[in-house]
>>> print(open('model_19.cif').read())   # mmCIF, C-alpha atoms
data_model
loop_
_atom_site.group_PDB
_atom_site.id
_atom_site.type_symbol
_atom_site.label_atom_id
_atom_site.label_comp_id
_atom_site.auth_asym_id
_atom_site.auth_seq_id
_atom_site.Cartn_x
_atom_site.Cartn_y
_atom_site.Cartn_z
ATOM 1 C CA MET C 86 77.133 259.212 28.438
ATOM 2 C CA PRO C 87 75.634 261.298 31.260
ATOM 3 C CA ALA C 88 77.802 261.967 34.277
ATOM 4 C CA GLN C 89 77.115 259.830 37.303
ATOM 5 C CA PRO C 90 76.038 261.712 40.410
ATOM 6 C CA THR C 91 78.744 262.144 43.002
ATOM 7 C CA ALA C 92 78.316 262.173 46.746
ATOM 8 C CA GLU C 93 78.284 265.975 46.652
ATOM 9 C CA THR C 94 75.648 266.268 43.935
ATOM 10 C CA SER C 95 73.399 263.478 45.215
ATOM 11 C CA VAL C 96 73.028 264.842 48.743
ATOM 12 C CA PRO C 97 70.518 267.703 49.049
ATOM 13 C CA ASP C 98 71.772 270.969 50.455
ATOM 14 C CA THR C 99 70.195 270.912 53.891
ATOM 15 C CA GLU C 100 72.004 274.078 54.988
ATOM 16 C CA GLU C 101 70.302 276.459 52.597
ATOM 17 C CA GLY C 102 68.399 279.080 54.545
ATOM 18 C CA ALA C 103 69.625 277.757 57.890
ATOM 19 C CA GLN C 104 70.503 280.147 60.686
ATOM 20 C CA ASP C 105 73.988 280.275 62.199
ATOM 21 C CA TRP C 106 72.960 278.570 65.435
ATOM 22 C CA GLN C 107 71.382 275.742 63.451
ATOM 23 C CA LEU C 108 74.731 274.984 61.790
ATOM 24 C CA ASP C 109 76.696 275.103 65.019
ATOM 25 C CA HIS C 110 76.502 271.530 66.302
ATOM 26 C CA SER C 111 78.276 272.504 69.534
ATOM 27 C CA ARG C 112 75.141 274.143 70.862
ATOM 28 C CA ALA C 113 71.423 273.698 70.608
ATOM 29 C CA PRO C 114 68.658 276.254 70.981
ATOM 30 C CA ILE C 115 67.035 276.609 74.373
ATOM 31 C CA ALA C 116 63.432 275.461 74.055
ATOM 32 C CA THR C 117 61.018 276.907 76.596
ATOM 33 C CA LYS C 118 57.309 276.497 77.157
ATOM 34 C CA VAL C 119 54.834 279.326 77.641
ATOM 35 C CA VAL C 120 51.146 279.090 78.501
ATOM 36 C CA VAL C 121 48.476 281.551 77.361
ATOM 37 C CA ALA C 122 45.327 281.479 79.483
ATOM 38 C CA GLY C 123 42.236 283.551 80.098
ATOM 39 C CA GLY C 124 38.498 283.597 79.765
ATOM 40 C CA PHE C 125 36.327 282.351 76.946
ATOM 41 C CA GLY C 126 36.695 284.368 73.720
ATOM 42 C CA VAL C 127 39.428 286.642 75.024
ATOM 43 C CA GLY C 128 41.729 286.050 72.016
ATOM 44 C CA LYS C 129 44.032 283.189 72.969
ATOM 45 C CA THR C 130 43.713 281.386 69.623
ATOM 46 C CA THR C 131 44.268 284.671 67.772
ATOM 47 C CA PHE C 132 47.355 285.307 69.935
ATOM 48 C CA VAL C 133 48.952 281.978 69.022
ATOM 49 C CA ARG C 134 47.989 282.255 65.356
ATOM 50 C CA ALA C 135 49.428 285.768 65.031
ATOM 51 C CA VAL C 136 52.892 284.849 66.260
ATOM 52 C CA SER C 137 53.542 281.235 65.293
ATOM 53 C CA GLU C 138 56.237 280.662 62.663
ATOM 54 C CA ILE C 139 54.740 277.237 61.948
ATOM 55 C CA THR C 140 51.183 276.373 61.047
ATOM 56 C CA PRO C 141 49.614 276.419 64.510
ATOM 57 C CA LEU C 142 47.896 273.370 65.895
ATOM 58 C CA GLN C 143 44.339 274.338 66.768
ATOM 59 C CA THR C 144 41.567 272.277 68.303
ATOM 60 C CA GLU C 145 38.661 274.480 67.330
ATOM 61 C CA ALA C 146 35.167 273.008 67.329
ATOM 62 C CA LEU C 147 31.861 274.508 66.344
ATOM 63 C CA MET C 148 29.879 275.779 69.282
ATOM 64 C CA THR C 149 26.783 273.747 69.966
ATOM 65 C CA SER C 150 23.745 273.889 72.202
ATOM 66 C CA ALA C 151 25.924 272.454 74.995
ATOM 67 C CA SER C 152 27.352 275.934 75.541
ATOM 68 C CA GLU C 153 23.993 277.659 75.807
ATOM 69 C CA GLY C 154 23.549 279.212 79.205
ATOM 70 C CA THR C 155 27.218 278.536 79.989
ATOM 71 C CA ASP C 156 29.299 280.682 77.631
ATOM 72 C CA ASP C 157 28.615 284.411 77.605
ATOM 73 C CA LEU C 158 28.593 285.613 73.994
ATOM 74 C CA THR C 159 27.500 289.163 74.804
ATOM 75 C CA ALA C 160 30.906 290.641 73.983
ATOM 76 C CA THR C 161 31.638 288.209 71.124
ATOM 77 C CA PRO C 162 28.325 287.587 69.344
ATOM 78 C CA ASP C 163 30.021 286.452 66.121
ATOM 79 C CA LYS C 164 32.086 283.715 67.761
ATOM 80 C CA LEU C 165 31.191 280.357 66.178
ATOM 81 C CA THR C 166 34.007 278.093 67.396
ATOM 82 C CA THR C 167 35.822 277.383 70.629
ATOM 83 C CA THR C 168 39.055 275.686 71.683
ATOM 84 C CA VAL C 169 38.330 272.267 73.164
ATOM 85 C CA ALA C 170 41.874 271.091 73.949
ATOM 86 C CA MET C 171 44.663 273.563 73.222
ATOM 87 C CA ASP C 172 46.336 275.826 70.700
ATOM 88 C CA PHE C 173 50.000 275.285 69.935
ATOM 89 C CA GLY C 174 52.548 277.405 68.083
ATOM 90 C CA ARG C 175 56.283 278.073 67.981
ATOM 91 C CA ILE C 176 58.370 281.205 67.649
ATOM 92 C CA THR C 177 62.144 281.770 67.584
ATOM 93 C CA LEU C 178 62.821 284.921 69.614
ATOM 94 C CA ASP C 179 66.604 284.846 69.362
ATOM 95 C CA ASP C 180 69.354 282.772 67.778
ATOM 96 C CA ASP C 181 69.141 280.249 70.602
ATOM 97 C CA LEU C 182 65.745 280.834 72.223
ATOM 98 C CA VAL C 183 62.671 279.019 70.944
ATOM 99 C CA LEU C 184 59.305 279.448 72.615
ATOM 100 C CA TYR C 185 56.597 276.819 72.411
ATOM 101 C CA VAL C 186 53.311 278.596 73.025
ATOM 102 C CA PHE C 187 50.357 276.643 74.426
ATOM 103 C CA GLY C 188 46.914 278.221 74.554
ATOM 104 C CA THR C 189 44.572 276.776 77.161
ATOM 105 C CA PRO C 190 40.839 276.239 76.623
ATOM 106 C CA GLY C 191 38.812 279.015 78.221
ATOM 107 C CA GLN C 192 35.587 277.203 79.015
ATOM 108 C CA GLN C 193 35.215 275.927 82.546
ATOM 109 C CA ARG C 194 34.358 272.374 81.497
ATOM 110 C CA PHE C 195 37.842 272.049 79.934
ATOM 111 C CA TRP C 196 39.837 273.420 82.880
ATOM 112 C CA PHE C 197 40.805 269.917 83.991
ATOM 113 C CA MET C 198 43.454 269.966 81.213
ATOM 114 C CA TRP C 199 45.297 272.953 82.637
ATOM 115 C CA ASP C 200 47.515 270.907 84.961
ATOM 116 C CA ASP C 201 48.932 268.966 82.010
ATOM 117 C CA LEU C 202 49.343 272.034 79.796
ATOM 118 C CA VAL C 203 51.305 274.076 82.354
ATOM 119 C CA ARG C 204 53.686 271.274 83.311
ATOM 120 C CA GLY C 205 57.221 272.399 82.431
ATOM 121 C CA ALA C 206 56.234 275.971 81.521
ATOM 122 C CA ILE C 207 58.508 278.851 82.554
ATOM 123 C CA GLY C 208 55.609 281.266 82.813
ATOM 124 C CA ALA C 209 52.132 282.236 81.717
ATOM 125 C CA ILE C 210 50.270 285.070 80.044
ATOM 126 C CA VAL C 211 46.803 285.772 81.403
ATOM 127 C CA MET C 212 44.770 287.524 78.731
ATOM 128 C CA ALA C 213 42.025 289.905 79.810
ATOM 129 C CA ASP C 214 39.142 291.753 78.174
ATOM 130 C CA THR C 215 38.174 294.949 80.009
ATOM 131 C CA ARG C 216 34.512 294.355 79.139
ATOM 132 C CA ARG C 217 34.529 291.226 81.313
ATOM 133 C CA LEU C 218 37.527 291.288 83.603
ATOM 134 C CA THR C 219 36.034 288.749 85.975
ATOM 135 C CA ASP C 220 36.522 286.062 83.309
ATOM 136 C CA CYS C 221 40.274 286.028 83.947
ATOM 137 C CA PHE C 222 40.006 285.591 87.734
ATOM 138 C CA PRO C 223 40.151 281.767 87.551
ATOM 139 C CA ALA C 224 43.425 281.930 85.580
ATOM 140 C CA LEU C 225 44.903 284.497 87.970
ATOM 141 C CA ASP C 226 43.948 282.358 90.984
ATOM 142 C CA TYR C 227 45.342 279.236 89.315
ATOM 143 C CA PHE C 228 48.792 280.660 88.582
ATOM 144 C CA GLU C 229 48.984 282.372 91.963
ATOM 145 C CA SER C 230 48.229 279.081 93.686
ATOM 146 C CA CYS C 231 50.733 277.028 91.696
ATOM 147 C CA GLY C 232 53.448 279.677 91.907
ATOM 148 C CA LEU C 233 54.035 279.998 88.163
ATOM 149 C CA PRO C 234 55.284 283.459 87.100
ATOM 150 C CA TYR C 235 52.698 285.277 84.987
ATOM 151 C CA ILE C 236 51.905 288.603 83.402
ATOM 152 C CA VAL C 237 48.560 290.126 82.414
ATOM 153 C CA ALA C 238 47.960 291.056 78.763
ATOM 154 C CA VAL C 239 44.883 293.205 78.156
ATOM 155 C CA ASN C 240 43.645 292.459 74.653
ATOM 156 C CA HIS C 241 42.265 295.791 73.474
ATOM 157 C CA PHE C 242 39.287 295.270 71.181
ATOM 158 C CA GLU C 243 38.291 297.919 68.650
ATOM 159 C CA GLY C 244 35.450 300.135 69.764
ATOM 160 C CA THR C 245 36.041 299.522 73.461
ATOM 161 C CA GLU C 246 37.253 301.978 76.063
ATOM 162 C CA ARG C 247 40.988 301.928 76.670
ATOM 163 C CA PHE C 248 42.049 301.805 80.305
ATOM 164 C CA GLU C 249 45.390 302.543 81.913
ATOM 165 C CA THR C 250 47.350 299.577 83.182
ATOM 166 C CA GLU C 251 47.150 300.726 86.795
ATOM 167 C CA ASP C 252 43.360 300.915 86.558
ATOM 168 C CA VAL C 253 43.359 297.302 85.370
ATOM 169 C CA ARG C 254 45.732 296.352 88.196
ATOM 170 C CA ASP C 255 43.400 297.860 90.778
ATOM 171 C CA ALA C 256 40.357 296.159 89.262
ATOM 172 C CA LEU C 257 42.086 292.751 89.247
ATOM 173 C CA THR C 258 44.002 293.307 92.505
ATOM 174 C CA VAL C 259 47.171 292.120 90.751
ATOM 175 C CA PRO C 260 50.378 292.461 92.843
ATOM 176 C CA PRO C 261 52.699 295.376 91.956
ATOM 177 C CA HIS C 262 55.488 293.088 90.732
ATOM 178 C CA VAL C 263 53.309 291.502 88.011
ATOM 179 C CA PRO C 264 53.631 293.323 84.647
ATOM 180 C CA ILE C 265 50.431 294.429 82.905
ATOM 181 C CA LEU C 266 50.453 295.264 79.189
ATOM 182 C CA ILE C 267 47.895 296.655 76.768
ATOM 183 C CA MET C 268 48.203 294.724 73.509
ATOM 184 C CA ASP C 269 46.472 293.597 70.322
ATOM 185 C CA ALA C 270 46.381 289.829 69.817
ATOM 186 C CA ARG C 271 45.927 290.259 66.050
ATOM 187 C CA LYS C 272 49.271 292.012 65.561
ATOM 188 C CA ARG C 273 52.458 289.978 65.541
ATOM 189 C CA TYR C 274 54.704 292.745 66.899
ATOM 190 C CA SER C 275 52.348 293.273 69.842
ATOM 191 C CA VAL C 276 52.279 289.547 70.644
ATOM 192 C CA VAL C 277 56.089 289.332 70.406
ATOM 193 C CA GLU C 278 56.435 292.256 72.841
ATOM 194 C CA THR C 279 54.095 290.456 75.223
ATOM 195 C CA LEU C 280 56.094 287.221 75.014
ATOM 196 C CA LEU C 281 59.355 289.071 75.624
ATOM 197 C CA ALA C 282 57.859 290.765 78.675
ATOM 198 C CA MET C 283 56.749 287.382 79.992
ATOM 199 C CA VAL C 284 60.185 285.804 79.477
ATOM 200 C CA GLU C 285 61.880 288.743 81.180
ATOM 201 C CA HIS C 286 59.492 288.514 84.126
ATOM 202 C CA ALA C 287 59.981 284.742 84.400
ATOM 203 C CA LEU C 288 63.772 285.180 84.457
ATOM 204 C CA GLU C 289 63.490 287.795 87.195
ATOM 205 C CA ALA C 290 61.186 285.583 89.238
ATOM 206 C CA THR C 291 63.282 282.427 88.793
ATOM 207 C CA PRO C 292 66.793 283.568 87.758
ATOM 208 C CA GLU C 293 68.315 280.108 88.221
#
>>> encode(input="model_19.cif", output="structure tokens")
Amino acid sequence: MPAQPTAETSVPDTEEGAQDWQLDHSRAPIATKVVVAGGFGVGKTTFVRAVSEITPLQTEALMTSASEGTDDLTATPDKLTTTVAMDFGRITLDDDLVLYVFGTPGQQRFWFMWDDLVRGAIGAIVMADTRRLTDCFPALDYFESCGLPYIVAVNHFEGTERFETEDVRDALTVPPHVPILIMDARKRYSVVETLLAMVEHALEATPE
């Protein structure tokens, strides 16, 4: 006669592969929200996709004739889709620090959603493309006006000229205390470094 399952054998092992902080019920991870903004086609969706440890939520839609005359595809002629609501991903940076990363839509007609997306965020990353730096001015003005700590991440595209961070600072008239990084949104390690720089800057700006 086969043995009857006991309480130990009938309950699945939910602790397999768990991290130490996940098994310590006396503490919970600190969940923080980060916003990634910038102009159309600057690499925000790629940024979130490269770093997310879960399947990222993406609201990509095929570009239609509605964008003709509005979205500049000169620098990104192969772009066929665009974010119409947000991108969302998650990354665990430390045993007790989880970042929820929200990518904002870059097209002007979707900017009305920014107020909802930034609510509760500790800081923002403004992505820039040196071929069209003016595209990130609206994001810079927005975060300056609302007082949210931000850094500038220059997404360096292959085949484009590489500029020094101080040259970018002068071109954007970004204050000296705002970090500027040169990064590659396709590479996870580069995105992680950018997120860490943003968290560090946010903690310095709002230490409480």
>>> closest_residue(input="model_19.cif", among="C:Val277, C:Asp172, C:Ala116, C:Val121", to="Leu142 (chain C)", atoms="all atoms listed in the file")
C:Asp172
>>> atom_distance(input="model_19.cif", atom1="CA of Cys221 (chain C)", atom2="CA of Glu138 (chain C)")
27.1 Å
>>> residues_around(input="model_19.cif", residues="Glu289 (chain C)", least_positions_apart="5", cutoff="10 Å", atoms="all atoms listed in the file", output="list of chain:residue names")
C:Pro234, C:Met283, C:Val284
>>> closest_residue(input="model_19.cif", among="C:Lys118, C:Glu278, C:Ala238, C:Pro190", to="Ile207 (chain C)", atoms="all atoms listed in the file")
C:Lys118
>>> closest_residue(input="model_19.cif", among="C:Leu184, C:Val119, C:Met212, C:Ala287", to="Asn240 (chain C)", atoms="only C-alpha atoms")
C:Met212
>>> resolve_selection(input="model_19.cif", expression="the PyMOL selection byres ((chain C and resi 183) around 7)", output="PyMOL selection string")
chain C and resi 114-117+176-178+181-182+184-185
>>> residues_around(input="model_19.cif", residues="Val276 (chain C)", least_positions_apart="3", cutoff="12 Å", atoms="all atoms listed in the file", output="ChimeraX atom specification")
/C:121,128-137,176,178,186,210,212,238-240,266-273,279-283
>>> write_last_selection(input="model_19.cif", atoms="C-alpha atoms", output="PDB file, in the coordinates of the input")
ATOM      1  CA  VAL C 121      48.476 281.551  77.361  1.00  0.00           C
ATOM      2  CA  GLY C 128      41.729 286.050  72.016  1.00  0.00           C
ATOM      3  CA  LYS C 129      44.032 283.189  72.969  1.00  0.00           C
ATOM      4  CA  THR C 130      43.713 281.386  69.623  1.00  0.00           C
ATOM      5  CA  THR C 131      44.268 284.671  67.772  1.00  0.00           C
ATOM      6  CA  PHE C 132      47.355 285.307  69.935  1.00  0.00           C
ATOM      7  CA  VAL C 133      48.952 281.978  69.022  1.00  0.00           C
ATOM      8  CA  ARG C 134      47.989 282.255  65.356  1.00  0.00           C
ATOM      9  CA  ALA C 135      49.428 285.768  65.031  1.00  0.00           C
ATOM     10  CA  VAL C 136      52.892 284.849  66.260  1.00  0.00           C
ATOM     11  CA  SER C 137      53.542 281.235  65.293  1.00  0.00           C
ATOM     12  CA  ILE C 176      58.370 281.205  67.649  1.00  0.00           C
ATOM     13  CA  LEU C 178      62.821 284.921  69.614  1.00  0.00           C
ATOM     14  CA  VAL C 186      53.311 278.596  73.025  1.00  0.00           C
ATOM     15  CA  ILE C 210      50.270 285.070  80.044  1.00  0.00           C
ATOM     16  CA  MET C 212      44.770 287.524  78.731  1.00  0.00           C
ATOM     17  CA  ALA C 238      47.960 291.056  78.763  1.00  0.00           C
ATOM     18  CA  VAL C 239      44.883 293.205  78.156  1.00  0.00           C
ATOM     19  CA  ASN C 240      43.645 292.459  74.653  1.00  0.00           C
ATOM     20  CA  LEU C 266      50.453 295.264  79.189  1.00  0.00           C
ATOM     21  CA  ILE C 267      47.895 296.655  76.768  1.00  0.00           C
ATOM     22  CA  MET C 268      48.203 294.724  73.509  1.00  0.00           C
ATOM     23  CA  ASP C 269      46.472 293.597  70.322  1.00  0.00           C
ATOM     24  CA  ALA C 270      46.381 289.829  69.817  1.00  0.00           C
ATOM     25  CA  ARG C 271      45.927 290.259  66.050  1.00  0.00           C
ATOM     26  CA  LYS C 272      49.271 292.012  65.561  1.00  0.00           C
ATOM     27  CA  ARG C 273      52.458 289.978  65.541  1.00  0.00           C
ATOM     28  CA  THR C 279      54.095 290.456  75.223  1.00  0.00           C
ATOM     29  CA  LEU C 280      56.094 287.221  75.014  1.00  0.00           C
ATOM     30  CA  LEU C 281      59.355 289.071  75.624  1.00  0.00           C
ATOM     31  CA  ALA C 282      57.859 290.765  78.675  1.00  0.00           C
ATOM     32  CA  MET C 283      56.749 287.382  79.992  1.00  0.00           C
TER      33      MET C 283
END
>>> closest_residue(input="model_19.cif", among="C:Ala122, C:Ile265, C:His241, C:Glu249", to="Met198 (chain C)", atoms="only C-alpha atoms")
C:Ala122
>>> closest_residue(input="model_19.cif", among="C:Phe228, C:Phe222, C:Leu257, C:Arg216", to="Gly244 (chain C)", atoms="all atoms listed in the file")
C:Arg216
>>> atom_distance(input="model_19.cif", atom1="CA of Val203 (chain C)", atom2="CA of His286 (chain C)")
16.7 Å
>>> resolve_selection(input="model_19.cif", expression="the PyMOL selection byres ((chain C and resi 263) around 8)", output="compact mmCIF listing (two decimals) with C-alpha atoms, keeping the file's coordinate frame")
# COMPACT_ATOMS: atom_id res chain seq x y z
CA TYR C 235 52.70 285.28 84.99
CA ILE C 236 51.90 288.60 83.40
CA VAL C 237 48.56 290.13 82.41
CA VAL C 259 47.17 292.12 90.75
CA PRO C 260 50.38 292.46 92.84
CA PRO C 261 52.70 295.38 91.96
CA HIS C 262 55.49 293.09 90.73
CA PRO C 264 53.63 293.32 84.65
CA ILE C 265 50.43 294.43 82.90
CA HIS C 286 59.49 288.51 84.13
>>> atom_distance(input="model_19.cif", atom1="CA of Leu202 (chain C)", atom2="CA of Gly232 (chain C)")
14.9 Å
>>> resolve_selection(input="model_19.cif", expression="the PyMOL selection byres ((chain C and resi 223) around 10)", output="list in words")
Ala122, Gly123, Gly124, Gly191, Gln193, Trp196, Val211, Thr219, Asp220, Cys221, Phe222, Ala224, Leu225, Asp226, Tyr227, Phe228 and Glu229 of chain C
